file input_8.pdb (PDB, C-alpha atoms)
ATOM      1  CA  GLN A   1     238.849   5.890 180.719
ATOM      2  CA  VAL A   2     240.498   2.676 179.590
ATOM      3  CA  GLN A   3     239.888   1.858 175.937
ATOM      4  CA  LEU A   4     241.121  -0.910 173.649
ATOM      5  CA  VAL A   5     240.058  -0.890 170.011
ATOM      6  CA  GLU A   6     240.944  -3.735 167.670
ATOM      7  CA  SER A   7     241.149  -3.450 163.911
ATOM      8  CA  GLY A   8     242.622  -5.283 160.947
ATOM      9  CA  GLY A   9     240.402  -8.329 160.761
ATOM     10  CA  GLY A  10     238.845  -9.581 157.545
ATOM     11  CA  LEU A  11     238.540 -12.434 155.102
ATOM     12  CA  VAL A  12     241.742 -14.119 153.989
ATOM     13  CA  GLN A  13     242.569 -17.295 152.097
ATOM     14  CA  PRO A  14     244.362 -20.174 153.795
ATOM     15  CA  GLY A  15     248.075 -19.488 153.876
ATOM     16  CA  GLY A  16     247.521 -15.747 153.903
ATOM     17  CA  SER A  17     248.438 -13.113 156.462
ATOM     18  CA  LEU A  18     246.751 -10.421 158.499
ATOM     19  CA  ARG A  19     247.989  -7.925 161.043
ATOM     20  CA  LEU A  20     245.640  -7.008 163.852
ATOM     21  CA  SER A  21     246.043  -3.766 165.766
ATOM     22  CA  CYS A  22     244.920  -2.847 169.265
ATOM     23  CA  ALA A  23     244.852   0.900 169.859
ATOM     24  CA  THR A  24     244.833   1.713 173.561
ATOM     25  CA  SER A  25     244.263   4.766 175.735
ATOM     26  CA  GLY A  26     243.601   5.657 179.347
ATOM     27  CA  PHE A  27     246.381   3.657 180.961
ATOM     28  CA  ALA A  28     250.148   3.264 181.010
ATOM     29  CA  PHE A  29     250.380   0.901 178.077
ATOM     30  CA  ARG A  30     254.050   0.075 178.471
ATOM     31  CA  ARG A  31     253.607  -0.880 182.114
ATOM     32  CA  VAL A  32     251.019  -3.616 181.746
ATOM     33  CA  SER A  33     250.922  -7.003 180.097
ATOM     34  CA  THR A  34     248.648  -7.220 177.091
ATOM     35  CA  TYR A  35     246.925 -10.250 175.668
ATOM     36  CA  TRP A  36     245.331 -11.476 172.480
ATOM     37  CA  TYR A  37     242.440 -13.915 172.769
ATOM     38  CA  ARG A  38     240.154 -15.465 170.204
ATOM     39  CA  GLN A  39     236.739 -17.067 170.280
ATOM     40  CA  ALA A  40     235.387 -19.280 167.556
ATOM     41  CA  PRO A  41     231.647 -20.025 167.260
ATOM     42  CA  GLY A  42     230.576 -22.539 169.866
ATOM     43  CA  LYS A  43     233.955 -22.541 171.576
ATOM     44  CA  GLU A  44     235.396 -20.945 174.673
ATOM     45  CA  ARG A  45     237.601 -17.899 174.457
ATOM     46  CA  GLU A  46     241.235 -18.948 174.315
ATOM     47  CA  LEU A  47     244.482 -17.121 174.959
ATOM     48  CA  VAL A  48     246.510 -16.801 171.774
ATOM     49  CA  ALA A  49     249.436 -14.562 172.704
ATOM     50  CA  GLU A  50     250.787 -12.447 175.517
ATOM     51  CA  MET A  51     253.306  -9.664 175.757
ATOM     52  CA  THR A  52     254.489  -9.049 179.295
ATOM     53  CA  THR A  53     255.156  -5.784 181.090
ATOM     54  CA  LEU A  54     257.592  -3.477 179.319
ATOM     55  CA  GLY A  55     257.700  -5.944 176.427
ATOM     56  CA  ALA A  56     260.056  -8.139 178.391
ATOM     57  CA  GLY A  57     258.706 -11.380 177.013
ATOM     58  CA  THR A  58     256.141 -13.065 174.837
ATOM     59  CA  SER A  59     254.291 -16.350 174.902
ATOM     60  CA  TYR A  60     252.010 -18.114 172.466
ATOM     61  CA  ALA A  61     249.461 -20.877 172.354
ATOM     62  CA  ASP A  62     250.902 -24.034 170.811
ATOM     63  CA  SER A  63     248.374 -23.802 167.985
ATOM     64  CA  VAL A  64     249.849 -20.500 166.737
ATOM     65  CA  LYS A  65     253.501 -20.794 167.743
ATOM     66  CA  GLY A  66     255.777 -20.061 164.807
ATOM     67  CA  ARG A  67     252.974 -18.425 162.814
ATOM     68  CA  PHE A  68     251.832 -15.513 165.004
ATOM     69  CA  THR A  69     253.972 -12.716 166.402
ATOM     70  CA  VAL A  70     252.912 -10.210 169.037
ATOM     71  CA  SER A  71     254.509  -6.776 169.267
ATOM     72  CA  ARG A  72     253.818  -3.277 170.508
ATOM     73  CA  ASP A  73     254.537   0.344 169.666
ATOM     74  CA  THR A  74     254.878   2.306 172.896
ATOM     75  CA  VAL A  75     254.918   5.646 171.058
ATOM     76  CA  TRP A  76     251.435   5.050 169.680
ATOM     77  CA  ASN A  77     250.296   2.828 172.585
ATOM     78  CA  THR A  78     249.280   0.170 170.117
ATOM     79  CA  GLY A  79     249.657  -3.577 170.197
ATOM     80  CA  TYR A  80     249.888  -5.795 167.140
ATOM     81  CA  LEU A  81     249.303  -9.411 166.280
ATOM     82  CA  GLN A  82     250.951 -10.471 163.028
ATOM     83  CA  MET A  83     249.319 -13.654 161.773
ATOM     84  CA  ASN A  84     250.975 -15.645 159.006
ATOM     85  CA  SER A  85     250.214 -19.001 157.375
ATOM     86  CA  LEU A  86     246.612 -18.676 158.425
ATOM     87  CA  LYS A  87     244.454 -21.779 158.602
ATOM     88  CA  PRO A  88     240.669 -22.207 158.532
ATOM     89  CA  GLU A  89     240.817 -23.166 162.206
ATOM     90  CA  ASP A  90     242.143 -19.673 162.975
ATOM     91  CA  THR A  91     238.710 -18.296 162.115
ATOM     92  CA  ALA A  92     237.404 -16.476 165.179
ATOM     93  CA  VAL A  93     236.722 -13.110 166.732
ATOM     94  CA  TYR A  94     240.019 -11.788 168.058
ATOM     95  CA  TYR A  95     240.154  -9.640 171.189
ATOM     96  CA  CYS A  96     242.910  -7.711 172.874
ATOM     97  CA  SER A  97     242.858  -7.228 176.616
ATOM     98  CA  ALA A  98     244.835  -5.692 179.453
ATOM     99  CA  ARG A  99     244.664  -6.307 183.175
ATOM    100  CA  ILE A 100     244.881  -3.028 185.085
ATOM    101  CA  ASP A 101     244.679  -2.794 188.875
ATOM    102  CA  GLY A 102     243.066  -6.213 189.055
ATOM    103  CA  VAL A 103     240.443  -5.501 186.402
ATOM    104  CA  THR A 104     240.536  -7.071 182.941
ATOM    105  CA  HIS A 105     239.575  -4.714 180.146
ATOM    106  CA  TRP A 106     238.543  -5.931 176.686
ATOM    107  CA  GLY A 107     238.238  -4.496 173.251
ATOM    108  CA  GLN A 108     235.159  -5.064 171.101
ATOM    109  CA  GLY A 109     236.856  -7.696 168.948
ATOM    110  CA  THR A 110     237.611  -8.028 165.258
ATOM    111  CA  GLN A 111     236.467 -10.890 163.041
ATOM    112  CA  VAL A 112     239.049 -13.003 161.237
ATOM    113  CA  THR A 113     237.752 -15.463 158.652
ATOM    114  CA  VAL A 114     240.111 -17.844 156.880
ATOM    115  CA  SER A 115     238.407 -19.440 153.919
ATOM    116  CA  SER A 116     238.918 -20.152 150.257
TER     117      SER A 116
END

call {"tool": "encode", "arguments": {"input": "input_8.pdb", "output": "structure tokens"}}
result
Amino acid sequence: QVQLVESGGGLVQPGGSLRLSCATSGFAFRRVSTYWYRQAPGKERELVAEMTTLGAGTSYADSVKGRFTVSRDTVWNTGYLQMNSLKPEDTAVYYCSARIDGVTHWGQGTQVTVSS
């Protein structure tokens, strides 16, 4: 059974940092691309970062480029999203996802709130 479980969200002041984790099970983690999305209230879900198959490459939304870094630990089958220099507009529920055999699987999400 495919599972993705996010953690690490919380309340942080502008300029602060958080590291989100995505613990996975039930699939060959290192062989699929994984994604981080976010959804702010009243807005559509947007792609924030991607790590391609076997960690060969990464890409980021322009709004987070230079501030966010995606990585993975293939021993623990866990993905990470390091978020630095956080801004109020980064406030959202953050989701990790993986596309396996044509099906997109999602975690439950973790809330990130950037506020003073």

call {"tool": "resolve_selection", "arguments": {"input": "input_8.pdb", "expression": "the PyMOL selection byres ((chain A and resi 47) around 9)", "output": "PyMOL selection string"}}
result
chain A and resi 35-38+45-46+48-50+60-61

call {"tool": "closest_residue", "arguments": {"input": "input_8.pdb", "among": "A:Ser71, A:Gln13, A:Asn84, A:Thr78", "to": "Gly57 (chain A)", "atoms": "all atoms listed in the file"}}
result
A:Ser71

call {"tool": "axis_aligned_box", "arguments": {"input": "input_8.pdb", "around": "region 107-114 of chain A", "padding_each_side": "6 Å", "output": "JSON"}}
result
{"center_x": 237.6, "center_y": -11.2, "center_z": 165.1, "size_x": 17.0, "size_y": 25.3, "size_z": 28.4}

call {"tool": "closest_atom_pairs", "arguments": {"input": "input_8.pdb", "of": "region 7-73 of chain A", "to": "region 86-102 of chain A", "cutoff": "7 Å", "atoms": "only C-alpha atoms", "output": "JSON lines"}}
result
{"residue": "A:Pro14", "atom": "CA", "partner": "A:Lys87", "partner_atom": "CA", "distance": 5.1}
{"residue": "A:Gly15", "atom": "CA", "partner": "A:Leu86", "partner_atom": "CA", "distance": 4.8}
{"residue": "A:Gly16", "atom": "CA", "partner": "A:Leu86", "partner_atom": "CA", "distance": 5.5}
{"residue": "A:Ser17", "atom": "CA", "partner": "A:Leu86", "partner_atom": "CA", "distance": 6.2}
{"residue": "A:Cys22", "atom": "CA", "partner": "A:Cys96", "partner_atom": "CA", "distance": 6.4}
{"residue": "A:Val32", "atom": "CA", "partner": "A:Ala98", "partner_atom": "CA", "distance": 6.9}
{"residue": "A:Ser33", "atom": "CA", "partner": "A:Ala98", "partner_atom": "CA", "distance": 6.3}
{"residue": "A:Thr34", "atom": "CA", "partner": "A:Ala98", "partner_atom": "CA", "distance": 4.7}
{"residue": "A:Tyr35", "atom": "CA", "partner": "A:Ser97", "partner_atom": "CA", "distance": 5.2}
{"residue": "A:Trp36", "atom": "CA", "partner": "A:Cys96", "partner_atom": "CA", "distance": 4.5}
{"residue": "A:Tyr37", "atom": "CA", "partner": "A:Tyr95", "partner_atom": "CA", "distance": 5.1}
{"residue": "A:Arg38", "atom": "CA", "partner": "A:Tyr94", "partner_atom": "CA", "distance": 4.3}
{"residue": "A:Gln39", "atom": "CA", "partner": "A:Ala92", "partner_atom": "CA", "distance": 5.2}
{"residue": "A:Ala40", "atom": "CA", "partner": "A:Ala92", "partner_atom": "CA", "distance": 4.2}

call {"tool": "closest_residue", "arguments": {"input": "input_8.pdb", "among": "A:Gln1, A:Ser7, A:Phe29, A:Val103", "to": "Val75 (chain A)", "atoms": "all atoms listed in the file"}}
result
A:Phe29

call {"tool": "atom_distance", "arguments": {"input": "input_8.pdb", "atom1": "CA of Val12 (chain A)", "atom2": "CA of His105 (chain A)"}}
result
27.9 Å

call {"tool": "resolve_selection", "arguments": {"input": "input_8.pdb", "expression": "the PyMOL selection byres ((chain A and resi 23) around 8)", "output": "ChimeraX atom specification"}}
result
/A:3-6,21-22,24-25,76-79

call {"tool": "resolve_selection", "arguments": {"input": "input_8.pdb", "expression": "the PyMOL selection byres ((chain A and resi 9) around 7)", "output": "PyMOL selection string"}}
result
chain A and resi 7-8+10+20+110-112

call {"tool": "build_atoms", "arguments": {"input": "input_8.pdb", "residues": "region 7-32 of chain A", "atoms": "N, CA, C and O atoms", "output": "short mmCIF file (atom, residue, chain, number, x, y, z; two decimals), keeping the file's coordinate frame"}}
result
data_model
loop_
_atom_site.label_atom_id
_atom_site.label_comp_id
_atom_site.auth_asym_id
_atom_site.auth_seq_id
_atom_site.Cartn_x
_atom_site.Cartn_y
_atom_site.Cartn_z
N SER A 7 241.44 -3.64 165.32
CA SER A 7 241.15 -3.45 163.91
C SER A 7 242.05 -4.38 163.11
O SER A 7 242.99 -4.98 163.65
N GLY A 8 241.76 -4.50 161.83
CA GLY A 8 242.62 -5.28 160.95
C GLY A 8 242.09 -6.65 160.56
O GLY A 8 242.72 -7.35 159.78
N GLY A 9 240.96 -7.04 161.12
CA GLY A 9 240.40 -8.33 160.76
C GLY A 9 239.84 -8.32 159.35
O GLY A 9 239.77 -7.28 158.69
N GLY A 10 239.43 -9.49 158.87
CA GLY A 10 238.84 -9.58 157.54
C GLY A 10 238.83 -11.00 157.05
O GLY A 10 239.04 -11.95 157.81
N LEU A 11 238.58 -11.13 155.77
CA LEU A 11 238.54 -12.43 155.10
C LEU A 11 239.86 -12.66 154.38
O LEU A 11 240.33 -11.79 153.63
N VAL A 12 240.47 -13.81 154.62
CA VAL A 12 241.74 -14.12 153.99
C VAL A 12 241.75 -15.59 153.59
O VAL A 12 241.10 -16.42 154.24
N GLN A 13 242.48 -15.91 152.53
CA GLN A 13 242.57 -17.30 152.10
C GLN A 13 243.55 -18.07 152.96
O GLN A 13 244.47 -17.47 153.56
N PRO A 14 243.38 -19.36 153.05
CA PRO A 14 244.36 -20.17 153.79
C PRO A 14 245.78 -19.92 153.28
O PRO A 14 246.00 -19.82 152.08
N GLY A 15 246.69 -19.81 154.22
CA GLY A 15 248.08 -19.49 153.88
C GLY A 15 248.37 -18.01 153.85
O GLY A 15 249.54 -17.61 153.76
N GLY A 16 247.34 -17.19 153.94
CA GLY A 16 247.52 -15.75 153.90
C GLY A 16 247.92 -15.16 155.24
O GLY A 16 248.12 -15.89 156.23
N SER A 17 248.00 -13.83 155.26
CA SER A 17 248.44 -13.11 156.46
C SER A 17 247.51 -11.96 156.76
O SER A 17 246.88 -11.39 155.86
N LEU A 18 247.44 -11.61 158.03
CA LEU A 18 246.75 -10.42 158.50
C LEU A 18 247.54 -9.85 159.67
O LEU A 18 248.20 -10.60 160.40
N ARG A 19 247.42 -8.55 159.84
CA ARG A 19 247.99 -7.92 161.04
C ARG A 19 246.87 -7.21 161.78
O ARG A 19 246.25 -6.29 161.23
N LEU A 20 246.63 -7.65 163.00
CA LEU A 20 245.64 -7.01 163.85
C LEU A 20 246.31 -5.92 164.68
O LEU A 20 247.46 -6.06 165.09
N SER A 21 245.57 -4.86 164.92
CA SER A 21 246.04 -3.77 165.77
C SER A 21 245.12 -3.60 166.96
O SER A 21 243.92 -3.88 166.87
N CYS A 22 245.69 -3.14 168.05
CA CYS A 22 244.92 -2.85 169.26
C CYS A 22 245.35 -1.47 169.75
O CYS A 22 246.39 -1.33 170.40
N ALA A 23 244.56 -0.46 169.42
CA ALA A 23 244.85 0.90 169.86
C ALA A 23 244.34 1.10 171.28
O ALA A 23 243.18 0.78 171.56
N THR A 24 245.21 1.59 172.15
CA THR A 24 244.83 1.71 173.56
C THR A 24 244.92 3.15 174.04
O THR A 24 245.66 3.97 173.46
N SER A 25 244.19 3.46 175.09
CA SER A 25 244.26 4.77 175.74
C SER A 25 243.76 4.63 177.16
O SER A 25 243.08 3.66 177.50
N GLY A 26 244.12 5.61 177.98
CA GLY A 26 243.60 5.66 179.35
C GLY A 26 244.41 4.90 180.37
O GLY A 26 243.99 4.84 181.54
N PHE A 27 245.54 4.34 179.98
CA PHE A 27 246.38 3.66 180.96
C PHE A 27 247.81 3.64 180.45
O PHE A 27 248.08 3.94 179.28
N ALA A 28 248.73 3.29 181.34
CA ALA A 28 250.15 3.26 181.01
C ALA A 28 250.46 1.98 180.25
O ALA A 28 250.82 0.97 180.83
N PHE A 29 250.31 2.06 178.97
CA PHE A 29 250.38 0.90 178.08
C PHE A 29 251.67 0.10 178.30
O PHE A 29 251.65 -1.14 178.38
N ARG A 30 252.78 0.79 178.40
CA ARG A 30 254.05 0.08 178.47
C ARG A 30 254.24 -0.65 179.80
O ARG A 30 255.16 -1.46 179.95
N ARG A 31 253.41 -0.32 180.78
CA ARG A 31 253.61 -0.88 182.11
C ARG A 31 252.70 -2.07 182.43
O ARG A 31 252.73 -2.57 183.56
N VAL A 32 251.90 -2.47 181.48
CA VAL A 32 251.02 -3.62 181.75
C VAL A 32 251.25 -4.70 180.69
O VAL A 32 251.70 -4.42 179.58
#
